[in-house]
$ cat protein_38.txt   # compact mmCIF, C-alpha atoms
# COMPACT_ATOMS: atom_id res chain seq x y z
CA MET W 1 7.42 -22.05 5.17
CA ASP W 2 4.85 -20.40 2.93
CA ASN W 3 1.80 -21.43 4.92
CA ASN W 4 1.54 -18.01 6.52
CA ILE W 5 0.67 -16.14 3.30
CA VAL W 6 -2.78 -14.65 2.67
CA TYR W 7 -3.34 -13.48 -0.90
CA ILE W 8 -5.65 -10.47 -0.95
CA GLY W 9 -8.04 -10.05 -3.89
CA SER W 10 -11.41 -8.44 -4.48
CA LYS W 11 -13.56 -10.44 -2.04
CA PRO W 12 -15.08 -8.66 0.99
CA VAL W 13 -12.33 -7.49 3.36
CA MET W 14 -13.75 -9.51 6.27
CA ASN W 15 -13.07 -12.78 4.40
CA TYR W 16 -9.37 -11.97 4.46
CA CYS W 17 -9.47 -10.87 8.10
CA THR W 18 -10.86 -14.33 8.93
CA ALA W 19 -8.06 -15.95 6.92
CA VAL W 20 -5.48 -13.89 8.83
CA LEU W 21 -6.98 -14.99 12.16
CA GLN W 22 -6.76 -18.61 11.04
CA VAL W 23 -3.09 -18.21 10.09
CA MET W 24 -2.26 -16.44 13.35
CA ALA W 25 -3.81 -19.28 15.36
CA ASN W 26 -0.85 -21.42 14.30
CA ASN W 27 1.89 -18.93 13.38
CA ASP W 28 3.77 -15.98 14.83
CA SER W 29 3.51 -13.93 11.65
CA VAL W 30 1.38 -13.53 8.56
CA ARG W 31 2.20 -12.10 5.14
CA LEU W 32 -0.49 -10.23 3.22
CA MET W 33 0.24 -10.14 -0.50
CA ALA W 34 -1.70 -8.13 -3.09
CA ARG W 35 -1.36 -6.78 -6.61
CA GLY W 36 -2.79 -3.75 -8.39
CA ARG W 37 -6.07 -2.42 -7.09
CA ALA W 38 -6.16 -5.03 -4.30
CA ILE W 39 -3.19 -3.24 -2.65
CA SER W 40 -5.56 -0.88 -0.84
CA HIS W 41 -7.57 -3.89 0.39
CA ALA W 42 -4.38 -5.42 1.84
CA VAL W 43 -3.81 -2.24 3.86
CA ASP W 44 -7.46 -2.37 5.00
CA VAL W 45 -7.08 -6.01 6.10
CA ALA W 46 -3.88 -5.19 8.02
CA GLU W 47 -5.44 -2.20 9.74
CA ILE W 48 -8.79 -3.83 10.59
CA THR W 49 -7.09 -6.96 11.93
CA ARG W 50 -4.70 -4.92 14.10
CA ASN W 51 -7.31 -2.49 15.39
CA ARG W 52 -10.23 -4.82 15.91
CA PHE W 53 -9.22 -8.47 16.21
CA LEU W 54 -5.58 -8.87 17.24
CA THR W 55 -4.44 -5.67 18.91
CA ASN W 56 -1.08 -7.25 19.84
CA LEU W 57 -0.09 -7.47 16.16
CA VAL W 58 2.52 -5.05 14.84
CA VAL W 59 3.62 -4.23 11.32
CA ASP W 60 6.95 -6.00 10.89
CA SER W 61 7.70 -4.85 7.34
CA ILE W 62 6.07 -3.48 4.21
CA ASP W 63 7.64 -4.07 0.80
CA ILE W 64 6.56 -2.86 -2.61
CA ASP W 65 7.69 -4.18 -5.97
CA THR W 66 6.78 -4.39 -9.65
CA GLU W 67 5.95 -7.55 -11.61
CA GLU W 68 5.65 -7.90 -15.37
CA LEU W 69 2.43 -9.75 -16.14
CA GLU W 70 0.84 -10.54 -19.47
CA SER W 71 -2.34 -8.65 -20.34
CA GLU W 72 -5.33 -10.40 -21.92
CA LYS W 73 -4.00 -9.32 -25.31
CA GLY W 74 -0.68 -11.00 -24.56
CA GLU W 75 1.20 -7.74 -24.07
CA PRO W 76 3.53 -7.22 -21.10
CA ARG W 77 2.09 -5.04 -18.38
CA ASN W 78 3.77 -3.77 -15.23
CA VAL W 79 1.78 -4.33 -12.06
CA SER W 80 2.72 -3.10 -8.59
CA ASN W 81 2.47 -5.37 -5.59
CA ILE W 82 2.75 -5.08 -1.82
CA THR W 83 3.73 -7.50 0.94
CA ILE W 84 2.71 -6.54 4.47
CA THR W 85 4.15 -8.72 7.23
CA LEU W 86 2.37 -8.64 10.58
CA LYS W 87 3.77 -10.35 13.65
CA LYS W 88 2.92 -10.91 17.31
CA MET N 1 9.34 21.02 6.30
CA ASP N 2 6.17 19.72 4.66
CA ASN N 3 7.01 20.88 1.15
CA ASN N 4 8.12 17.40 0.13
CA ILE N 5 4.66 15.80 0.36
CA VAL N 6 2.73 14.66 -2.71
CA TYR N 7 -0.90 13.74 -2.02
CA ILE N 8 -2.02 10.92 -4.32
CA GLY N 9 -5.63 10.88 -5.51
CA SER N 10 -7.50 9.61 -8.54
CA LYS N 11 -5.83 11.64 -11.30
CA PRO N 12 -3.69 9.82 -13.89
CA VAL N 13 -0.62 8.29 -12.25
CA MET N 14 1.75 10.25 -14.50
CA ASN N 15 0.52 13.56 -13.02
CA TYR N 16 1.82 12.44 -9.63
CA CYS N 17 5.09 11.15 -11.10
CA THR N 18 5.65 14.65 -12.49
CA ALA N 19 4.91 16.14 -9.07
CA VAL N 20 7.43 13.76 -7.49
CA LEU N 21 10.10 14.80 -10.02
CA GLN N 22 9.41 18.45 -9.19
CA VAL N 23 9.81 17.79 -5.45
CA MET N 24 13.00 15.78 -5.97
CA ALA N 25 14.55 18.62 -7.97
CA ASN N 26 14.80 20.56 -4.70
CA ASN N 27 14.70 17.91 -1.97
CA ASP N 28 16.48 14.73 -0.92
CA SER N 29 13.28 12.90 -0.12
CA VAL N 30 9.61 12.85 -1.02
CA ARG N 31 6.59 11.57 0.89
CA LEU N 32 3.67 10.05 -1.03
CA MET N 33 0.45 10.10 0.97
CA ALA N 34 -2.80 8.40 -0.01
CA ARG N 35 -6.08 7.23 1.50
CA GLY N 36 -8.48 4.44 0.64
CA ARG N 37 -8.54 3.31 -2.97
CA ALA N 38 -5.77 5.75 -3.90
CA ILE N 39 -3.34 3.63 -1.84
CA SER N 40 -2.68 1.38 -4.83
CA HIS N 41 -1.99 4.47 -6.97
CA ALA N 42 0.60 5.64 -4.44
CA VAL N 43 2.43 2.31 -4.81
CA ASP N 44 2.23 2.68 -8.61
CA VAL N 45 3.67 6.20 -8.45
CA ALA N 46 6.53 5.02 -6.21
CA GLU N 47 7.34 2.06 -8.45
CA ILE N 48 7.07 3.92 -11.77
CA THR N 49 9.19 6.82 -10.50
CA ARG N 50 11.88 4.47 -9.17
CA ASN N 51 11.96 2.20 -12.21
CA ARG N 52 11.60 4.72 -14.99
CA PHE N 53 12.53 8.24 -13.94
CA LEU N 54 14.82 8.31 -10.90
CA THR N 55 16.53 4.94 -10.62
CA ASN N 56 18.70 6.19 -7.74
CA LEU N 57 15.65 6.53 -5.47
CA VAL N 58 15.15 3.98 -2.71
CA VAL N 59 12.17 3.26 -0.47
CA ASP N 60 13.12 4.76 2.89
CA SER N 61 9.98 3.75 4.80
CA ILE N 62 6.37 2.72 4.34
CA ASP N 63 3.80 3.37 7.05
CA ILE N 64 0.13 2.46 7.20
CA ASP N 65 -2.48 3.85 9.54
CA THR N 66 -6.22 4.35 10.04
CA GLU N 67 -8.08 7.67 10.15
CA GLU N 68 -11.63 8.27 11.24
CA LEU N 69 -13.35 10.43 8.63
CA GLU N 70 -16.95 11.54 8.39
CA SER N 71 -19.06 9.98 5.66
CA GLU N 72 -21.46 12.04 3.55
CA LYS N 73 -24.22 11.05 5.95
CA GLY N 74 -22.21 12.43 8.87
CA GLU N 75 -21.36 8.98 10.26
CA PRO N 76 -17.81 8.11 11.33
CA ARG N 77 -15.96 5.89 8.86
CA ASN N 78 -12.54 4.32 9.22
CA VAL N 79 -10.24 4.86 6.25
CA SER N 80 -6.78 3.34 5.80
CA ASN N 81 -3.88 5.46 4.62
CA ILE N 82 -0.30 4.93 3.50
CA THR N 83 2.81 7.10 3.56
CA ILE N 84 5.67 6.01 1.30
CA THR N 85 8.93 7.91 1.78
CA LEU N 86 11.42 7.78 -1.11
CA LYS N 87 14.94 9.20 -0.81
CA LYS N 88 18.07 9.64 -2.91
$ encode --input "protein_38.txt" --output "structure tokens"
Amino acid sequence: MDNNIVYIGSKPVMNYCTAVLQVMANNDSVRLMARGRAISHAVDVAEITRNRFLTNLVVDSIDIDTEELESEKGEPRNVSNITITLKK
Amino acid sequence: MDNNIVYIGSKPVMNYCTAVLQVMANNDSVRLMARGRAISHAVDVAEITRNRFLTNLVVDSIDIDTEELESEKGEPRNVSNITITLKK
């Protein structure tokens, strides 16, 4: 069931748009997941995909949450994340 | 009606948390608005406020959109934005 997830990182935004198009070729929905600074990229990917490539897509839901990750020094660090679900 | 908006930019996240607390002292809801790279800060402000300062706050809605702004060279440029509404 998790084959419709695209993890958004710091690569060029168009790479993720391509990944979303690939997912949507075989699914009715796609979930964009991102943490920390990549959160703004996830919003960019959602908006560019909807406005330019798949104008029939709508935002189904947007959820935000906090995860406790370990920093490089081994200390706990709270990091925000976002999940944007787009569907046909 | 627009006195419950906090615009999120590139200042330290805690500044915006303080602004949210100020708004919530006199309102039942607050709207966090951010553009571009500040989008991830808006999610941080929402999460930190909810987890640390006002644990009775819930995410009422999250909306994303695209605005056409003018770049420094006078060219049109699409910028994503987010509006996170928190309420008691």
$ residues_around --input "protein_38.txt" --residues "N:Lys87" --least-positions-apart "2" --cutoff "10 Å" --atoms "only C-alpha atoms" --output "PyMOL selection string"
chain N and resi 24+27-31+56-61+85
$ interface_residues --input "protein_38.txt" --of "chain N" --to "chain W" --cutoff "10 Å" --atoms "all atoms listed in the file" --output "MDAnalysis selection string"
chainID N and resid 34:48 51 59 61:66 78:82 84
$ atom_distance --input "protein_38.txt" --atom1 "atom CA of W:Ala25" --atom2 "atom CA of W:Asp2"
15.2 Å
$ atom_distance --input "protein_38.txt" --atom1 "atom CA of W:Glu68" --atom2 "atom CA of N:Thr49"
15.9 Å
$ atom_distance --input "protein_38.txt" --atom1 "atom CA of W:Val23" --atom2 "atom CA of W:Leu54"
12.0 Å
$ closest_residue --input "protein_38.txt" --among "N:Arg50, N:Thr55, N:Val20, N:Gly74" --to "N:Met33" --atoms "all atoms listed in the file"
N:Val20
